[in-house]
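Structure first, commentary second.
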Amino acid sequence: MSYSALSLLIHAFRGHRDWKPAWREPELKPAYDIVIIGGGGHGLATAFHLAQLGAGTIAVLEKGWLGGGNTGRNTAVIRANYLREESVRFHAHSMALWNELSSTLNFNVMFSPRGQIDLIRTWGKLRDLRRRAAIMERHGVEYDLISTRRIREMVPDLDLGTEGAIEPGFGGKRLPVLGGAWHPGAGVARHDAVAWGYARAADALGVDIIQNCEVTGFRRDGQRVTAIETTRGSISTSKVGVAVAGHAGVVAELAGFRLPVDTWPLVAFVSEPLKPFLHTCINCPATQIYVNQSDKGELVIGGGPDRYRSHAQKGDWETVENVTRSLIDLFPRLGRVKLLRQWAGMIDVAYDTSPILSRSPLDNLYLSVGWGSGGFKAIPAGGEAFAKLIVTGMPDELIAPFGLDRFQRGRPLFETASASARG
Ligand SMILES: Cc1cc2nc3c(=O)[nH]c(=O)nc-3n(C[C@H](O)[C@H](O)[C@H](O)COP(=O)(O)OP(=O)(O)OC[C@H]3O[C@@H](n4cnc5c(N)ncnc54)[C@H](O)[C@@H]3O)c2cc1C
């Protein structure tokens, strides 16, 4: 038995006494050099990198508990198969950081690069994925078009619908799978562990992580924020970073400006545990379903966002029904499998579906928002770049295209490669 297994056993019998908490619970101070609003993956990663850069005193304010927002609600797929040059470059860098993350944080985030197959069921999607493959190749990201035969070898349980007629109602599938795109570098990680790993590492570098502390307003002197009002008192600060997925519009309004984002619920669910049969992630844009099997055997299932904008965290039943129907369409033998849990998170989506990693209309307030349905994979690169932006006041080359000014300059960055882009 290894030392860590033995120590786990001893602690279990001793009722978990004397365990050192992974991070402190410090008193909120009246002033910090930098305040980060939002204790999800992006806020915590940013605080960690700020501390590494020696940026001064730093606090992370979280209205609930760490990772209780989208970071702890997401399906944890990590990939770089985007359409736009700017997105591929950014996500390729993030994937490289994922490969090192457990050792960077000295915390096992359980990154498991198991690859992803994007199923192609329409000629339009085939054209889209060909374009993406060409762009990804330029950035050294592997993304290869594969045949239905190869897909069948990799995932024998998939019903590709290639047998029978193409017309609906005459046997076979209305949209048989035409082929796929194989993205071997994609994978999944343990979402809570990512929040905890960054929190622990940031805390060790002196960051104050304050939970149950909601930001309720801002005090301003002209275009500068001078203090932040919270449910636990006011804090003066020189710089503010906002990383509040699902609440970006709300917090921007508190600060006195508007953002071009809408908020949508995005559902996900897990099944009862099954014997391992799915060794890669499957994504089917045409029917808005993606699925992978967790190490515990549960299927982790997601789809597109709800049809209506809202801040509800439960998801609409029609979307749930559509996603489950699409799952059974791909894997008919899962028809009798029970779903264990279903939930939703709120995603902020800009109208071009790309994130906003940017300065704001206020001089000392910065934004890492609009991550939509795809910000988990962006946490390592997003945190690193956002910290640099806050310190220097200037975006580096990697994130310059994601500035808020792109909307004013007529340079939106339309993406097709996120669930929030609906296909
Ligand atoms: C169902 C679902 C599935 C997803 N699947 C994937 C996926 O497979 N891959 C992927 O890459 N991405 C996925 N995403 C998207 C991803 O989860 C998010 O983009 C990412 O987690 C955003 O991280 P964050 O740190 O910005 O936000 P969050 O983790 O949401 O953290 C923001 C925090 O801010 C806090 N907050 C809000 N307002 C205030 C306030 N006024 N004061 C203080 N604190 C405040 C919230 O409580 C929250 O904890 C999915 C999202 C959902 C909902």
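We label chains A, B, ... in the order they appear in the structure tokens, count residues from 1 in each chain, and number ligands from 1 in the order shown.
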May I have all residues of region 20-71 of chain A that DSSP, computed from the backbone, assigns to strand (DSSP E), given as a list in words?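 Restricting region 20-71 of chain A to strand (DSSP E) produces Ala31, Tyr32, Asp33, Ile34, Val35, Ile36, Ile37, Ile58, Ala59, Val60 and Leu61 of chain A.
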Please produce a file of those selected residues containing C-alpha atoms, as a compact mmCIF listing (two decimals), in the first residue's frame.
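The resulting file, part01.txt, is shown below:
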# COMPACT_ATOMS: atom_id res chain seq x y z
CA ALA A 31 -7.93 47.19 0.77
CA TYR A 32 -6.23 45.07 -1.92
CA ASP A 33 -4.12 46.01 -4.92
CA ILE A 34 -6.21 43.73 -7.14
CA VAL A 35 -9.65 42.23 -6.58
CA ILE A 36 -10.91 39.39 -8.76
CA ILE A 37 -14.68 38.91 -8.76
CA ILE A 58 -4.85 40.00 -4.26
CA ALA A 59 -8.32 38.85 -3.20
CA VAL A 60 -10.79 36.58 -4.98
CA LEU A 61 -14.40 37.31 -4.01
Need the shell around Asn70 (chain A): protein/DNA/RNA residues with any atom at most 8 Å away, counting only C-alpha atoms. Skip same-chain ones fewer than 3 positions apart. Format as a ChimeraX atom specification? /A:40,67,73-74,245-246,345-347
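Every residue of region 248-280 of chain A found in alpha helix (DSSP H) when DSSP is run on the backbone appears here: A:Ala248, A:Gly249, A:Val250, A:Val251, A:Ala252, A:Glu253, A:Leu254, A:Ala255.
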Got a sec: who's within 10 Å of Ser294 (chain A), counting only C-alpha atoms, leaving out chain neighbours fewer than 4 positions off, as a PyMOL selection string? chain A and resi 75+112+188-190+270+273-274+276+278-279+298-300
Once you have the residues from the selection above, write them out as a tab-separated table (two decimals), in the first residue's frame, restricted to C-alpha atoms.
chain	number	residue	atom	x	y	z
A	75	THR	CA	-19.00	18.52	-18.80
A	112	SER	CA	-7.32	12.44	-19.50
A	188	VAL	CA	-11.55	15.61	-20.13
A	189	ALA	CA	-10.44	16.66	-16.65
A	190	ARG	CA	-11.99	16.62	-13.19
A	270	VAL	CA	-25.11	11.97	-16.01
A	273	PRO	CA	-22.57	3.98	-13.97
A	274	LEU	CA	-22.00	1.50	-16.79
A	276	PRO	CA	-16.54	1.01	-19.69
A	278	LEU	CA	-16.85	4.49	-24.59
A	279	HIS	CA	-13.17	5.33	-24.64
A	298	GLU	CA	-21.28	7.38	-15.68
A	299	LEU	CA	-22.09	8.86	-19.07
A	300	VAL	CA	-21.58	12.63	-19.01
Contacts with ligand 1 at most 7 Å, only C-alpha atoms and all ligand atoms counted, listed as a ChimeraX atom specification: /A:37-43,61-78,213-216,243-247,251,265-268,302,344-347,368-369,371-378
Could I get the residues of region 135-240 of chain A with an atom no further than 12 Å from an atom of region 88-93 of chain A, each paired with its nearest atom pair and that distance in Å to one decimal, using only C-alpha atoms, sorted by chain and residue number, as a Markdown table?
| residue | atom | partner | partner_atom | distance |
| --- | --- | --- | --- | --- |
| A:Ile135 | CA | A:Val88 | CA | 7.7 |
| A:Met136 | CA | A:Val88 | CA | 6.4 |
| A:Glu137 | CA | A:Val88 | CA | 9.8 |
| A:Arg138 | CA | A:Arg89 | CA | 9.3 |
| A:His139 | CA | A:Arg89 | CA | 6.4 |
| A:Gly140 | CA | A:Ala92 | CA | 8.2 |
| A:Val141 | CA | A:Ala92 | CA | 6.7 |
| A:Glu142 | CA | A:Ala92 | CA | 10.1 |
| A:Tyr143 | CA | A:Val88 | CA | 11.5 |
| A:His183 | CA | A:Ala92 | CA | 11.9 |
| A:Gly185 | CA | A:Ala92 | CA | 9.5 |
| A:Ala186 | CA | A:Ala92 | CA | 10.2 |
Export of prior selection with C-alpha atoms as a PDB file, in the first residue's frame:
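selection17.pdb written:
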ATOM      1  CA  ILE A 135      -6.654  25.912 -40.058  1.00  0.00           C
ATOM      2  CA  MET A 136      -5.751  23.581 -37.221  1.00  0.00           C
ATOM      3  CA  GLU A 137      -3.010  21.997 -39.265  1.00  0.00           C
ATOM      4  CA  ARG A 138      -1.380  25.430 -39.542  1.00  0.00           C
ATOM      5  CA  HIS A 139      -1.232  25.533 -35.761  1.00  0.00           C
ATOM      6  CA  GLY A 140      -0.009  21.988 -35.267  1.00  0.00           C
ATOM      7  CA  VAL A 141      -3.335  20.685 -33.908  1.00  0.00           C
ATOM      8  CA  GLU A 142      -4.200  17.189 -35.112  1.00  0.00           C
ATOM      9  CA  TYR A 143      -7.677  16.932 -36.634  1.00  0.00           C
ATOM     10  CA  HIS A 183      -9.143  15.125 -32.633  1.00  0.00           C
ATOM     11  CA  GLY A 185      -5.455  15.700 -28.306  1.00  0.00           C
ATOM     12  CA  ALA A 186      -8.920  16.353 -26.843  1.00  0.00           C
TER      13      ALA A 186
END
Using only C-alpha atoms, which protein or nucleic acid residues come within 12 Å of Glu397 (chain A)? Drop anything in the same chain fewer than 6 positions from it, and give the result as number ranges by chain. A: 86, 89-90, 357, 385, 388-389, 403
